[in-house]
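Let me begin by presenting the structure, written as structure tokens, before commenting on it.
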Amino acid sequence: RSVYAAFAVAAYRKPEFTATAAPERPRYLSGEKGAFTLRAHTFFGAPVAAAPVRWRIRRSPLEPPGSDDAGAFLAGGDGNLYPSDAWRADAVVAEGETSTDADGSARIPFAAPAGAPDALYRLEATVTDSQNRPGDASASVPVHGAALRLGIFPDERCVALGAAFGVTVRAWDRDGRPRAAEGVVLTVHRRVWDSRADRWTRREVGRASARVPASGRVRVRLPATAEGDLEIDARAA
């Protein structure tokens with residue numbers, strides 16, 4: 001049995017221009033409209049005008065500050081560990097084509113859906129000059145679901161049924177600085193199979209309240225009242 005494959009070979013040509021991109025603001029909130037600015041210039045500083053630009057913006061989850069890599073891997077059915085995002089495909093938020101203006105610039109807009117969780121929006125763009133030479137540019141910007149960010153960090157990875165376990169609740173502003181948070185409610189859920197609806201549902205099995213001081217950190221005890229993998233949510237009033 002023979003297997004064949006083909007691939008292209010092209011001569012390397014040193015690019016004669018550079019393309020860069022940056023967000024118009026350092027961060028956005030869900031529900032806001034944002035944009036990236038792309039600029040293309042030759043190495044002598046002249047703008048690359050009227051150049052076609054193909055672009056795409058993807059969205060990926062944004063982890064809270066201080067997250068460790070404990071959940072970075074998952075167990076496969078073959079006994080191996082795999083990166084937890086091995087089968088994740090970052091959602092495409094927007095894509096399209098445009099061209100640079102007389103200054104060698106192009107504005108690439110996007111919209112962040114209202115109510116969406118924290119995410120990182122990443123632009124990937126390719127500029128093609130008049131000699132059909134491509135130049136790539138990329139940039140990213142965080143989009144936060146709210147001005148207040150919360151993180152939950154369990155003390156243990158496995159606890160006995162009926163025992164209490166500790167979690168550290170942390171609060172930050174959009175710049176990653178610790179801040180206070182009033183009326184934080186922690187809810188513990190367990191996934192159960194709903195045979196009538198033929199889908200997984202979440203059942204609440206525990207609840208606690210907390211106040212995060214100005215240090216941005218507080219420790220809370222929760223009961224392990226159900227078996228299985230438990231999920232903890234934190235919401236502030």
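Ordered as shown in the structure tokens, chains take letters A, B, and onward, while each chain numbers its residues from 1 and ligands are numbered from 1 in the order shown.
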
Can you tell me, as a list of chain:residue names, what residues are no more than 10 Å from stretch 156-166 of chain A when counting only C-alpha atoms, ignoring any on the same chain fewer than 2 positions away?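 My list of contacting residues is A:Ala70, A:Phe153, A:Pro154, A:Thr168, A:Val169, A:Arg219, A:Val220, A:Arg221, A:Leu222, A:Pro223, A:Ala224, A:Thr225, A:Ala226, A:Glu227, A:Gly228, A:Asp229.
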
Go ahead and save the residues from that selection, with all heavy atoms, as a CSV table (one decimal), in the first residue's frame.
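Done, and the output landed in out.csv:
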chain,number,residue,atom,x,y,z
A,70,ALA,N,-3.0,23.7,37.4
A,70,ALA,CA,-3.5,22.5,37.9
A,70,ALA,C,-4.6,21.9,36.9
A,70,ALA,O,-4.8,20.7,36.8
A,70,ALA,CB,-4.1,22.7,39.3
A,153,PHE,N,-10.1,29.7,44.1
A,153,PHE,CA,-8.9,28.8,44.1
A,153,PHE,C,-9.1,27.8,45.3
A,153,PHE,O,-8.9,28.2,46.5
A,153,PHE,CB,-7.6,29.6,44.4
A,153,PHE,CG,-7.4,30.7,43.3
A,153,PHE,CD1,-7.9,31.9,43.4
A,153,PHE,CD2,-6.7,30.4,42.2
A,153,PHE,CE1,-7.7,32.9,42.4
A,153,PHE,CE2,-6.5,31.3,41.2
A,153,PHE,CZ,-7.0,32.6,41.3
A,154,PRO,N,-9.5,26.6,45.0
A,154,PRO,CA,-9.7,25.6,46.0
A,154,PRO,C,-8.4,25.2,46.7
A,154,PRO,O,-7.3,25.2,46.1
A,154,PRO,CB,-10.3,24.4,45.3
A,154,PRO,CG,-10.8,24.9,44.0
A,154,PRO,CD,-9.9,26.1,43.7
A,168,THR,N,-10.2,30.0,48.3
A,168,THR,CA,-9.8,31.4,48.4
A,168,THR,C,-10.5,32.1,47.3
A,168,THR,O,-10.4,31.8,46.1
A,168,THR,CB,-8.3,31.5,48.3
A,168,THR,OG1,-7.7,30.8,49.4
A,168,THR,CG2,-7.9,33.0,48.4
A,169,VAL,N,-11.2,33.2,47.7
A,169,VAL,CA,-11.9,34.0,46.7
A,169,VAL,C,-11.0,35.3,46.6
A,169,VAL,O,-10.7,35.9,47.6
A,169,VAL,CB,-13.3,34.4,47.2
A,169,VAL,CG1,-14.0,35.3,46.1
A,169,VAL,CG2,-14.1,33.1,47.4
A,219,ARG,N,-10.8,33.8,52.5
A,219,ARG,CA,-10.9,32.3,52.5
A,219,ARG,C,-12.3,31.9,53.0
A,219,ARG,O,-12.8,32.5,54.0
A,219,ARG,CB,-9.8,31.7,53.4
A,219,ARG,CG,-9.7,30.2,53.2
A,219,ARG,CD,-8.4,29.7,53.8
A,219,ARG,NE,-8.2,28.3,53.7
A,219,ARG,CZ,-8.7,27.4,54.5
A,219,ARG,NH1,-9.4,27.8,55.6
A,219,ARG,NH2,-8.5,26.1,54.3
A,220,VAL,N,-13.0,31.0,52.3
A,220,VAL,CA,-14.3,30.5,52.7
A,220,VAL,C,-14.3,29.0,52.8
A,220,VAL,O,-13.6,28.3,52.0
A,220,VAL,CB,-15.3,31.0,51.6
A,220,VAL,CG1,-16.7,30.6,52.0
A,220,VAL,CG2,-15.2,32.5,51.4
A,221,ARG,N,-15.1,28.5,53.7
A,221,ARG,CA,-15.3,27.1,53.9
A,221,ARG,C,-16.7,26.6,53.3
A,221,ARG,O,-17.7,27.3,53.5
A,221,ARG,CB,-15.3,26.7,55.4
A,221,ARG,CG,-14.0,27.0,56.1
A,221,ARG,CD,-12.9,26.1,55.7
A,221,ARG,NE,-13.0,24.8,56.2
A,221,ARG,CZ,-12.1,23.8,56.0
A,221,ARG,NH1,-11.1,24.0,55.2
A,221,ARG,NH2,-12.3,22.6,56.5
A,222,LEU,N,-16.6,25.6,52.5
A,222,LEU,CA,-17.8,25.0,51.9
A,222,LEU,C,-18.0,23.6,52.2
A,222,LEU,O,-17.0,22.8,52.3
A,222,LEU,CB,-17.8,25.2,50.4
A,222,LEU,CG,-17.8,26.7,49.8
A,222,LEU,CD1,-17.4,26.7,48.4
A,222,LEU,CD2,-19.2,27.2,50.0
A,223,PRO,N,-19.2,23.1,52.2
A,223,PRO,CA,-19.4,21.6,52.5
A,223,PRO,C,-19.4,20.8,51.2
A,223,PRO,O,-20.0,21.2,50.2
A,223,PRO,CB,-20.8,21.6,53.2
A,223,PRO,CG,-21.5,22.8,52.6
A,223,PRO,CD,-20.5,23.8,52.3
A,224,ALA,N,-18.8,19.6,51.3
A,224,ALA,CA,-18.9,18.7,50.2
A,224,ALA,C,-20.1,17.7,50.5
A,224,ALA,O,-19.9,16.7,51.1
A,224,ALA,CB,-17.6,17.9,50.1
A,225,THR,N,-21.2,18.2,50.0
A,225,THR,CA,-22.5,17.4,50.4
A,225,THR,C,-22.9,16.4,49.3
A,225,THR,O,-23.9,15.8,49.4
A,225,THR,CB,-23.6,18.4,50.6
A,225,THR,OG1,-23.8,19.2,49.4
A,225,THR,CG2,-23.3,19.3,51.8
A,226,ALA,N,-22.1,16.3,48.2
A,226,ALA,CA,-22.4,15.4,47.1
A,226,ALA,C,-21.2,14.8,46.5
A,226,ALA,O,-20.1,15.5,46.6
A,226,ALA,CB,-23.2,16.1,46.0
A,227,GLU,N,-21.3,13.6,45.9
A,227,GLU,CA,-20.1,13.0,45.3
A,227,GLU,C,-20.0,13.5,43.9
A,227,GLU,O,-20.9,14.1,43.3
A,227,GLU,CB,-20.3,11.5,45.3
A,227,GLU,CG,-20.3,10.8,46.6
A,227,GLU,CD,-20.4,9.3,46.5
A,227,GLU,OE1,-21.5,8.9,46.0
A,227,GLU,OE2,-19.5,8.6,46.9
A,228,GLY,N,-18.8,13.3,43.3
A,228,GLY,CA,-18.6,13.7,41.9
A,228,GLY,C,-17.8,14.9,41.8
A,228,GLY,O,-17.2,15.5,42.8
A,229,ASP,N,-17.6,15.4,40.6
A,229,ASP,CA,-16.9,16.6,40.3
A,229,ASP,C,-17.8,17.8,40.6
A,229,ASP,O,-18.9,18.0,39.9
A,229,ASP,CB,-16.4,16.7,38.8
A,229,ASP,CG,-15.4,15.6,38.6
A,229,ASP,OD1,-14.6,15.3,39.5
A,229,ASP,OD2,-15.3,15.1,37.4

Show me, as a list in words, the residues that have an atom within 12 Å of A:Pro213 when counting only C-alpha atoms, minus same-chain residues fewer than 5 positions from it.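 Surrounding residues, per the criterion: Val169, Arg170, Ala171, Trp172, Pro178, Arg179, Ala180, Ala181, Glu182, Gly183, Val184, Val218 and Arg219 of chain A.
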
How would the residues just picked look written out with all heavy atoms as an mmCIF file, in the first residue's frame?
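Saved result, result04.cif, follows:
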data_model
loop_
_atom_site.group_PDB
_atom_site.id
_atom_site.type_symbol
_atom_site.label_atom_id
_atom_site.label_comp_id
_atom_site.auth_asym_id
_atom_site.auth_seq_id
_atom_site.Cartn_x
_atom_site.Cartn_y
_atom_site.Cartn_z
ATOM 1 N N VAL A 169 -11.213 33.162 47.678
ATOM 2 C CA VAL A 169 -11.879 34.022 46.706
ATOM 3 C C VAL A 169 -11.040 35.291 46.558
ATOM 4 O O VAL A 169 -10.696 35.940 47.555
ATOM 5 C CB VAL A 169 -13.306 34.389 47.154
ATOM 6 C CG1 VAL A 169 -13.989 35.265 46.100
ATOM 7 C CG2 VAL A 169 -14.122 33.134 47.410
ATOM 8 N N ARG A 170 -10.705 35.622 45.335
ATOM 9 C CA ARG A 170 -9.902 36.821 45.067
ATOM 10 C C ARG A 170 -10.670 37.754 44.138
ATOM 11 O O ARG A 170 -11.459 37.298 43.289
ATOM 12 C CB ARG A 170 -8.555 36.438 44.461
ATOM 13 C CG ARG A 170 -7.709 35.560 45.388
ATOM 14 C CD ARG A 170 -6.376 35.189 44.750
ATOM 15 N NE ARG A 170 -5.579 36.374 44.482
ATOM 16 C CZ ARG A 170 -4.398 36.340 43.861
ATOM 17 N NH1 ARG A 170 -3.911 35.177 43.432
ATOM 18 N NH2 ARG A 170 -3.717 37.446 43.649
ATOM 19 N N ALA A 171 -10.437 39.037 44.306
ATOM 20 C CA ALA A 171 -11.118 40.057 43.500
ATOM 21 C C ALA A 171 -10.092 41.033 42.950
ATOM 22 O O ALA A 171 -9.156 41.433 43.658
ATOM 23 C CB ALA A 171 -12.159 40.795 44.334
ATOM 24 N N TRP A 172 -10.265 41.410 41.675
ATOM 25 C CA TRP A 172 -9.381 42.360 41.011
ATOM 26 C C TRP A 172 -10.216 43.363 40.217
ATOM 27 O O TRP A 172 -11.365 43.096 39.859
ATOM 28 C CB TRP A 172 -8.455 41.677 40.009
ATOM 29 C CG TRP A 172 -7.617 40.567 40.533
ATOM 30 C CD1 TRP A 172 -6.364 40.634 41.058
ATOM 31 C CD2 TRP A 172 -7.952 39.176 40.545
ATOM 32 N NE1 TRP A 172 -5.907 39.397 41.396
ATOM 33 C CE2 TRP A 172 -6.856 38.476 41.094
ATOM 34 C CE3 TRP A 172 -9.079 38.458 40.149
ATOM 35 C CZ2 TRP A 172 -6.860 37.092 41.257
ATOM 36 C CZ3 TRP A 172 -9.083 37.078 40.317
ATOM 37 C CH2 TRP A 172 -7.986 36.413 40.860
ATOM 38 N N PRO A 178 -5.761 44.296 43.239
ATOM 39 C CA PRO A 178 -6.721 43.799 44.229
ATOM 40 C C PRO A 178 -7.724 44.867 44.611
ATOM 41 O O PRO A 178 -7.396 46.063 44.682
ATOM 42 C CB PRO A 178 -5.829 43.417 45.419
ATOM 43 C CG PRO A 178 -4.474 43.218 44.836
ATOM 44 C CD PRO A 178 -4.369 44.190 43.696
ATOM 45 N N ARG A 179 -8.961 44.461 44.862
ATOM 46 C CA ARG A 179 -10.002 45.398 45.279
ATOM 47 C C ARG A 179 -11.010 44.669 46.160
ATOM 48 O O ARG A 179 -11.059 43.437 46.217
ATOM 49 C CB ARG A 179 -10.709 46.017 44.073
ATOM 50 C CG ARG A 179 -11.361 45.024 43.132
ATOM 51 C CD ARG A 179 -12.413 45.684 42.259
ATOM 52 N NE ARG A 179 -13.598 46.051 43.010
ATOM 53 C CZ ARG A 179 -14.669 46.634 42.471
ATOM 54 N NH1 ARG A 179 -14.674 46.928 41.189
ATOM 55 N NH2 ARG A 179 -15.725 46.937 43.202
ATOM 56 N N ALA A 180 -11.821 45.445 46.858
ATOM 57 C CA ALA A 180 -12.865 44.877 47.719
ATOM 58 C C ALA A 180 -14.084 44.499 46.885
ATOM 59 O O ALA A 180 -14.294 45.018 45.782
ATOM 60 C CB ALA A 180 -13.253 45.885 48.796
ATOM 61 N N ALA A 181 -14.875 43.569 47.425
ATOM 62 C CA ALA A 181 -16.109 43.141 46.762
ATOM 63 C C ALA A 181 -17.131 42.792 47.831
ATOM 64 O O ALA A 181 -16.858 41.973 48.713
ATOM 65 C CB ALA A 181 -15.861 41.959 45.842
ATOM 66 N N GLU A 182 -18.290 43.409 47.760
ATOM 67 C CA GLU A 182 -19.365 43.160 48.720
ATOM 68 C C GLU A 182 -20.344 42.137 48.158
ATOM 69 O O GLU A 182 -20.543 42.028 46.949
ATOM 70 C CB GLU A 182 -20.110 44.463 49.031
ATOM 71 C CG GLU A 182 -19.234 45.564 49.626
ATOM 72 C CD GLU A 182 -18.846 45.283 51.057
ATOM 73 O OE1 GLU A 182 -19.489 44.422 51.694
ATOM 74 O OE2 GLU A 182 -17.895 45.921 51.559
ATOM 75 N N GLY A 183 -20.962 41.392 49.068
ATOM 76 C CA GLY A 183 -22.049 40.497 48.681
ATOM 77 C C GLY A 183 -21.680 39.422 47.692
ATOM 78 O O GLY A 183 -22.431 39.138 46.753
ATOM 79 N N VAL A 184 -20.519 38.786 47.876
ATOM 80 C CA VAL A 184 -20.116 37.698 46.987
ATOM 81 C C VAL A 184 -20.831 36.418 47.423
ATOM 82 O O VAL A 184 -20.781 36.029 48.589
ATOM 83 C CB VAL A 184 -18.594 37.486 47.019
ATOM 84 C CG1 VAL A 184 -18.199 36.297 46.143
ATOM 85 C CG2 VAL A 184 -17.877 38.751 46.556
ATOM 86 N N VAL A 218 -10.069 36.536 50.364
ATOM 87 C CA VAL A 218 -10.735 36.019 51.549
ATOM 88 C C VAL A 218 -10.870 34.506 51.398
ATOM 89 O O VAL A 218 -11.011 33.990 50.279
ATOM 90 C CB VAL A 218 -12.124 36.667 51.751
ATOM 91 C CG1 VAL A 218 -13.106 36.242 50.660
ATOM 92 C CG2 VAL A 218 -12.698 36.347 53.115
ATOM 93 N N ARG A 219 -10.820 33.785 52.530
ATOM 94 C CA ARG A 219 -10.933 32.330 52.517
ATOM 95 C C ARG A 219 -12.306 31.927 53.034
ATOM 96 O O ARG A 219 -12.782 32.460 54.039
ATOM 97 C CB ARG A 219 -9.844 31.691 53.381
ATOM 98 C CG ARG A 219 -9.702 30.188 53.195
ATOM 99 C CD ARG A 219 -8.406 29.701 53.819
ATOM 100 N NE ARG A 219 -8.242 28.258 53.670
ATOM 101 C CZ ARG A 219 -8.717 27.370 54.523
ATOM 102 N NH1 ARG A 219 -9.393 27.765 55.608
ATOM 103 N NH2 ARG A 219 -8.530 26.075 54.327
#

Secondary structure check, strand (DSSP E or B) residues of stretch 27-160 of chain A, as a compact mmCIF listing (two decimals) with N, CA, C and O atoms, in the first residue's frame:
# COMPACT_ATOMS: atom_id res chain seq x y z
N TYR A 28 -11.51 46.29 26.98
CA TYR A 28 -12.91 46.62 26.71
C TYR A 28 -13.79 45.86 27.69
O TYR A 28 -13.34 44.92 28.35
N LEU A 29 -15.07 46.25 27.74
CA LEU A 29 -16.08 45.53 28.50
C LEU A 29 -17.04 44.84 27.53
O LEU A 29 -17.27 45.33 26.42
N LYS A 33 -18.10 48.15 21.60
CA LYS A 33 -17.50 47.96 20.30
C LYS A 33 -16.03 48.35 20.37
O LYS A 33 -15.69 49.36 20.97
N GLY A 34 -15.19 47.53 19.79
CA GLY A 34 -13.76 47.80 19.82
C GLY A 34 -13.17 47.80 18.43
O GLY A 34 -13.87 47.57 17.43
N ALA A 35 -11.87 48.03 18.36
CA ALA A 35 -11.20 48.06 17.05
C ALA A 35 -9.70 47.90 17.24
O ALA A 35 -9.14 48.26 18.28
N PHE A 36 -9.08 47.34 16.23
CA PHE A 36 -7.63 47.28 16.11
C PHE A 36 -7.21 48.23 14.99
O PHE A 36 -7.95 48.45 14.04
N THR A 37 -6.02 48.77 15.11
CA THR A 37 -5.44 49.59 14.05
C THR A 37 -4.22 48.88 13.50
O THR A 37 -3.31 48.51 14.26
N LEU A 38 -4.21 48.68 12.20
CA LEU A 38 -3.10 48.03 11.52
C LEU A 38 -2.32 49.09 10.73
O LEU A 38 -2.92 49.97 10.11
N ARG A 39 -0.99 48.98 10.77
CA ARG A 39 -0.14 49.92 10.04
C ARG A 39 0.91 49.13 9.27
O ARG A 39 1.52 48.21 9.81
N ALA A 40 1.13 49.54 8.02
CA ALA A 40 2.13 48.91 7.16
C ALA A 40 3.04 49.98 6.58
O ALA A 40 2.56 50.95 5.96
N HIS A 41 4.35 49.83 6.79
CA HIS A 41 5.33 50.78 6.28
C HIS A 41 6.55 50.03 5.76
O HIS A 41 6.88 48.95 6.25
N THR A 42 7.21 50.63 4.77
CA THR A 42 8.46 50.07 4.30
C THR A 42 9.53 50.30 5.37
O THR A 42 9.33 51.06 6.32
N PRO A 47 4.66 54.79 3.78
CA PRO A 47 3.46 53.97 3.99
C PRO A 47 3.21 53.02 2.82
O PRO A 47 3.50 53.34 1.67
N PRO A 52 -4.15 45.41 -0.01
CA PRO A 52 -5.22 44.54 0.50
C PRO A 52 -4.86 43.94 1.87
O PRO A 52 -3.70 43.59 2.11
N VAL A 53 -5.86 43.83 2.72
CA VAL A 53 -5.67 43.27 4.06
C VAL A 53 -6.74 42.20 4.28
O VAL A 53 -7.93 42.48 4.16
N ARG A 54 -6.32 41.00 4.60
CA ARG A 54 -7.23 39.94 5.01
C ARG A 54 -7.05 39.74 6.51
O ARG A 54 -5.92 39.61 6.98
N TRP A 55 -8.16 39.71 7.24
CA TRP A 55 -8.04 39.65 8.70
C TRP A 55 -9.08 38.72 9.32
O TRP A 55 -10.10 38.42 8.72
N ARG A 56 -8.76 38.29 10.53
CA ARG A 56 -9.65 37.42 11.30
C ARG A 56 -9.43 37.70 12.78
O ARG A 56 -8.29 37.87 13.22
N ILE A 57 -10.51 37.72 13.55
CA ILE A 57 -10.43 37.94 14.99
C ILE A 57 -11.02 36.71 15.68
O ILE A 57 -12.15 36.30 15.38
N ARG A 58 -10.25 36.13 16.61
CA ARG A 58 -10.69 34.97 17.37
C ARG A 58 -10.83 35.33 18.84
O ARG A 58 -10.19 36.26 19.33
N ARG A 59 -11.69 34.57 19.52
CA ARG A 59 -11.93 34.79 20.95
C ARG A 59 -11.55 33.53 21.73
O ARG A 59 -11.95 32.43 21.37
N SER A 60 -10.78 33.69 22.81
CA SER A 60 -10.41 32.56 23.66
C SER A 60 -10.65 32.95 25.12
O SER A 60 -10.66 34.13 25.47
N PRO A 61 -10.86 31.96 26.00
CA PRO A 61 -11.10 32.27 27.42
C PRO A 61 -9.92 33.00 28.05
O PRO A 61 -8.77 32.75 27.73
N PHE A 73 -4.27 20.20 32.28
CA PHE A 73 -4.23 18.90 31.62
C PHE A 73 -5.46 18.09 32.01
O PHE A 73 -6.03 18.28 33.08
N LEU A 74 -5.84 17.18 31.14
CA LEU A 74 -6.94 16.27 31.44
C LEU A 74 -6.52 14.86 31.05
O LEU A 74 -5.63 14.66 30.23
N ALA A 75 -7.16 13.87 31.68
CA ALA A 75 -6.82 12.47 31.44
C ALA A 75 -7.58 11.95 30.24
O ALA A 75 -8.80 12.10 30.14
N LEU A 81 -2.04 12.07 29.65
CA LEU A 81 -2.52 13.42 29.94
C LEU A 81 -2.38 14.28 28.71
O LEU A 81 -1.37 14.23 28.01
N TYR A 82 -3.41 15.10 28.46
CA TYR A 82 -3.40 15.99 27.32
C TYR A 82 -3.70 17.41 27.78
O TYR A 82 -4.41 17.61 28.77
N PRO A 83 -3.18 18.43 27.06
CA PRO A 83 -3.55 19.80 27.40
C PRO A 83 -5.06 19.97 27.37
O PRO A 83 -5.74 19.44 26.48
N ALA A 91 -13.25 30.49 19.00
CA ALA A 91 -14.35 30.97 18.15
C ALA A 91 -13.91 32.16 17.31
O ALA A 91 -13.18 33.04 17.78
N VAL A 92 -14.35 32.18 16.07
CA VAL A 92 -14.09 33.32 15.18
C VAL A 92 -15.15 34.38 15.45
O VAL A 92 -16.34 34.14 15.29
N VAL A 93 -14.71 35.55 15.89
CA VAL A 93 -15.62 36.65 16.19
C VAL A 93 -16.01 37.40 14.92
O VAL A 93 -17.17 37.75 14.72
N ALA A 94 -15.03 37.65 14.08
CA ALA A 94 -15.28 38.39 12.84
C ALA A 94 -14.12 38.14 11.89
O ALA A 94 -13.01 37.81 12.31
N GLU A 95 -14.37 38.29 10.60
CA GLU A 95 -13.33 38.19 9.59
C GLU A 95 -13.77 38.97 8.37
O GLU A 95 -14.96 39.22 8.16
N GLY A 96 -12.79 39.37 7.57
CA GLY A 96 -13.13 40.15 6.40
C GLY A 96 -11.91 40.63 5.65
O GLY A 96 -10.78 40.19 5.90
N GLU A 97 -12.15 41.55 4.73
CA GLU A 97 -11.08 42.13 3.93
C GLU A 97 -11.24 43.64 3.91
O GLU A 97 -12.36 44.17 3.95
N THR A 98 -10.12 44.33 3.86
CA THR A 98 -10.12 45.78 3.75
C THR A 98 -8.83 46.17 3.03
O THR A 98 -8.17 45.32 2.44
N SER A 99 -8.47 47.43 3.07
CA SER A 99 -7.21 47.87 2.46
C SER A 99 -6.67 49.04 3.25
O SER A 99 -7.41 49.74 3.96
N SER A 105 -2.53 52.73 6.89
CA SER A 105 -3.25 52.25 8.05
C SER A 105 -4.60 51.65 7.66
O SER A 105 -5.16 52.00 6.61
N ALA A 106 -5.13 50.79 8.53
CA ALA A 106 -6.46 50.21 8.33
C ALA A 106 -7.07 49.98 9.71
O ALA A 106 -6.39 49.49 10.63
N ARG A 107 -8.33 50.34 9.85
CA ARG A 107 -9.05 50.14 11.11
C ARG A 107 -9.91 48.89 10.99
O ARG A 107 -10.69 48.75 10.04
N ILE A 108 -9.78 47.99 11.96
CA ILE A 108 -10.49 46.71 11.92
C ILE A 108 -11.38 46.63 13.16
O ILE A 108 -10.89 46.45 14.28
N PRO A 109 -12.70 46.79 13.00
CA PRO A 109 -13.61 46.81 14.16
C PRO A 109 -14.09 45.42 14.56
O PRO A 109 -14.01 44.47 13.79
N PHE A 110 -14.59 45.33 15.79
CA PHE A 110 -15.24 44.11 16.27
C PHE A 110 -16.23 44.50 17.36
O PHE A 110 -16.17 45.60 17.91
N ALA A 111 -17.15 43.61 17.66
CA ALA A 111 -18.15 43.83 18.70
C ALA A 111 -18.05 42.72 19.72
O ALA A 111 -17.96 41.55 19.36
N ALA A 119 -12.67 37.30 28.12
CA ALA A 119 -12.10 36.65 26.94
C ALA A 119 -10.96 37.49 26.39
O ALA A 119 -10.84 38.69 26.68
N LEU A 120 -10.11 36.84 25.62
CA LEU A 120 -9.03 37.51 24.91
C LEU A 120 -9.36 37.50 23.43
O LEU A 120 -9.58 36.44 22.84
N TYR A 121 -9.41 38.69 22.83
CA TYR A 121 -9.69 38.82 21.40
C TYR A 121 -8.36 39.01 20.68
O TYR A 121 -7.60 39.93 21.01
N ARG A 122 -8.11 38.15 19.71
CA ARG A 122 -6.82 38.18 19.00
C ARG A 122 -7.04 38.40 17.51
O ARG A 122 -7.81 37.68 16.86
N LEU A 123 -6.34 39.41 16.98
CA LEU A 123 -6.38 39.73 15.55
C LEU A 123 -5.22 39.06 14.84
O LEU A 123 -4.08 39.11 15.32
N GLU A 124 -5.52 38.44 13.70
CA GLU A 124 -4.50 37.92 12.79
C GLU A 124 -4.78 38.51 11.42
O GLU A 124 -5.88 38.35 10.88
N ALA A 125 -3.80 39.23 10.87
CA ALA A 125 -4.01 39.93 9.60
C ALA A 125 -2.83 39.72 8.67
O ALA A 125 -1.69 39.56 9.12
N THR A 126 -3.12 39.73 7.37
CA THR A 126 -2.08 39.62 6.35
C THR A 126 -2.24 40.77 5.36
O THR A 126 -3.33 40.97 4.80
N VAL A 127 -1.17 41.53 5.20
CA VAL A 127 -1.14 42.65 4.25
C VAL A 127 -0.34 42.20 3.03
O VAL A 127 0.71 41.57 3.17
N THR A 128 -0.81 42.54 1.83
CA THR A 128 -0.12 42.18 0.60
C THR A 128 0.22 43.45 -0.17
O THR A 128 -0.67 44.24 -0.50
N PRO A 134 3.52 39.22 1.03
CA PRO A 134 2.68 39.31 2.22
C PRO A 134 3.47 39.75 3.45
O PRO A 134 4.68 39.53 3.56
N GLY A 135 2.76 40.35 4.38
CA GLY A 135 3.31 40.70 5.68
C GLY A 135 2.25 40.45 6.74
O GLY A 135 1.09 40.86 6.58
N ASP A 136 2.60 39.77 7.79
CA ASP A 136 1.64 39.38 8.82
C ASP A 136 1.75 40.30 10.04
O ASP A 136 2.83 40.78 10.40
N ALA A 137 0.61 40.49 10.69
CA ALA A 137 0.55 41.28 11.91
C ALA A 137 -0.48 40.66 12.84
O ALA A 137 -1.47 40.06 12.38
N SER A 138 -0.24 40.78 14.12
CA SER A 138 -1.19 40.25 15.10
C SER A 138 -1.18 41.13 16.34
O SER A 138 -0.20 41.84 16.61
N ALA A 139 -2.28 41.08 17.07
CA ALA A 139 -2.42 41.83 18.31
C ALA A 139 -3.57 41.23 19.10
O ALA A 139 -4.42 40.53 18.53
N SER A 140 -3.61 41.47 20.38
CA SER A 140 -4.69 40.96 21.21
C SER A 140 -5.10 42.00 22.23
O SER A 140 -4.32 42.92 22.56
N VAL A 141 -6.33 41.85 22.75
CA VAL A 141 -6.85 42.78 23.75
C VAL A 141 -7.82 42.02 24.65
O VAL A 141 -8.60 41.20 24.17
N PRO A 142 -7.78 42.25 25.98
CA PRO A 142 -8.74 41.59 26.87
C PRO A 142 -10.09 42.28 26.82
O PRO A 142 -10.18 43.50 26.71
N VAL A 143 -11.15 41.47 26.90
CA VAL A 143 -12.52 41.98 27.00
C VAL A 143 -13.12 41.36 28.26
O VAL A 143 -13.26 40.14 28.36
N HIS A 144 -13.45 42.21 29.23
CA HIS A 144 -13.92 41.73 30.52
C HIS A 144 -15.44 41.74 30.58
O HIS A 144 -16.10 42.62 30.03
N ARG A 149 -13.52 41.58 38.64
CA ARG A 149 -13.17 40.22 38.27
C ARG A 149 -13.01 39.38 39.53
O ARG A 149 -12.42 39.83 40.51
N LEU A 150 -13.54 38.17 39.50
CA LEU A 150 -13.47 37.25 40.63
C LEU A 150 -12.75 35.97 40.21
O LEU A 150 -12.88 35.51 39.08
N GLY A 151 -11.99 35.41 41.16
CA GLY A 151 -11.32 34.14 40.94
C GLY A 151 -11.53 33.24 42.14
O GLY A 151 -11.62 33.71 43.28
N ILE A 152 -11.64 31.92 41.90
CA ILE A 152 -11.85 30.94 42.96
C ILE A 152 -10.70 29.93 42.92
O ILE A 152 -10.42 29.35 41.86
N PHE A 153 -10.07 29.71 44.08
CA PHE A 153 -8.91 28.82 44.15
C PHE A 153 -9.11 27.81 45.29
O PHE A 153 -8.92 28.15 46.46
N PRO A 154 -9.51 26.58 45.00
CA PRO A 154 -9.72 25.56 46.05
C PRO A 154 -8.41 25.18 46.73
O PRO A 154 -7.34 25.15 46.10

Please provide as a PyMOL selection string all residues within 8 Å of A:Glu32, with the sequence filter that same-chain residues fewer than 5 positions apart are discarded (counting only C-alpha atoms). chain A and resi 111-114

A:Val48 surroundings by only C-alpha atoms, 8 Å radius, close-in-sequence under 2 positions cut, as a compact mmCIF listing (two decimals) with C-alpha atoms, in the first residue's frame:
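Saved as result.txt:
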# COMPACT_ATOMS: atom_id res chain seq x y z
CA PHE A 17 7.87 46.26 4.59
CA ALA A 40 2.13 48.91 7.16
CA HIS A 41 5.33 50.78 6.28
CA THR A 42 8.46 50.07 4.30
CA ALA A 46 7.10 55.12 3.59
CA ALA A 50 -3.88 50.76 -0.95
CA ALA A 51 -2.65 47.32 0.11
CA THR A 100 -4.75 50.36 3.86
CA ALA A 102 -2.87 56.68 2.13
CA ASP A 103 -1.06 56.57 5.49
CA GLY A 104 -0.66 52.78 5.31
CA ASP A 129 1.91 44.88 -1.17
